[in-house]
Every structure is written in structure tokens, then in C-alpha cells.
Amino acid sequence: RRKLFYPLKVYHGPLLYEAKCVKIKLDSSSNYSYFVHYQGWNKNWDEWVNDTRILKADAEHLELKLKLLKVKKFVESMSCLLAVLIYLGG
């Protein structure tokens, strides 16, 4: 079995969320999948992910998570601004 660090950071869309690995499975092609539970989220969000979406939760990845949140907020604010400009111009 593969050992995973806990807690984990898992990409869900463009953002990183804290999660824990609940199950591990190996498919017929020797690829691992991990069933993760996102901390603080309803179990309906639990899902199988591959290792490309998983990071160890450390200071470096916490900084990355914060940067991604800032980028998301900036993009959302620019989208709102663009919508207002289109509305006013139209």
C-alpha cells in the first residue's frame, strides 16, 4: 500500500482544499486512486482522485493555496467589473 501524508491538499477545480485519504485502490494498470474527504465539507463532495491532484499539506503548499485564492478573487472581481461595464455600455 502507498502511504499518504495527512493532512493533504487536494485540487478541486483551480483551488486547493484540505482533505484526508479514506481509501486507496490499485487498478489493473497499476495506477493508484485515492478516495478523499474534504475537511469541513459534506461527504457528498468525497471523491476518487489520482495522485496528480494531491499535495502534502506543508507551508509551501499553504502559500500556494493562498495565492490561488487571491487569483480566484481577482478574477471574480474583474468579471463583475466587466459585467458592469458591458451593462453600462449596452
# chains A, B, ... in the order shown; residues from 1 in each chain; ligands from 1
call {"tool": "residues_around", "arguments": {"residues": "stretch 8-21 of chain A", "least_positions_apart": "2", "cutoff": "6 Å", "atoms": "only C-alpha atoms", "output": "ChimeraX atom specification"}}
result
/A:6,23,35-39,53-57,65
call {"tool": "select_by_dssp", "arguments": {"residues": "chain A", "states": "helix (DSSP H, G or I)", "output": "PyMOL selection string"}}
result
chain A and resi 43-45+51-53+59-89
call {"tool": "residues_around", "arguments": {"residues": "A:Asn31", "least_positions_apart": "5", "cutoff": "10 Å", "atoms": "only C-alpha atoms", "output": "VMD selection string"}}
result
chain A and resid 25 to 26 50 to 51
call {"tool": "atom_distance", "arguments": {"atom1": "atom CA of A:Trp48", "atom2": "atom CA of A:Ser33"}}
result
6.2 Å
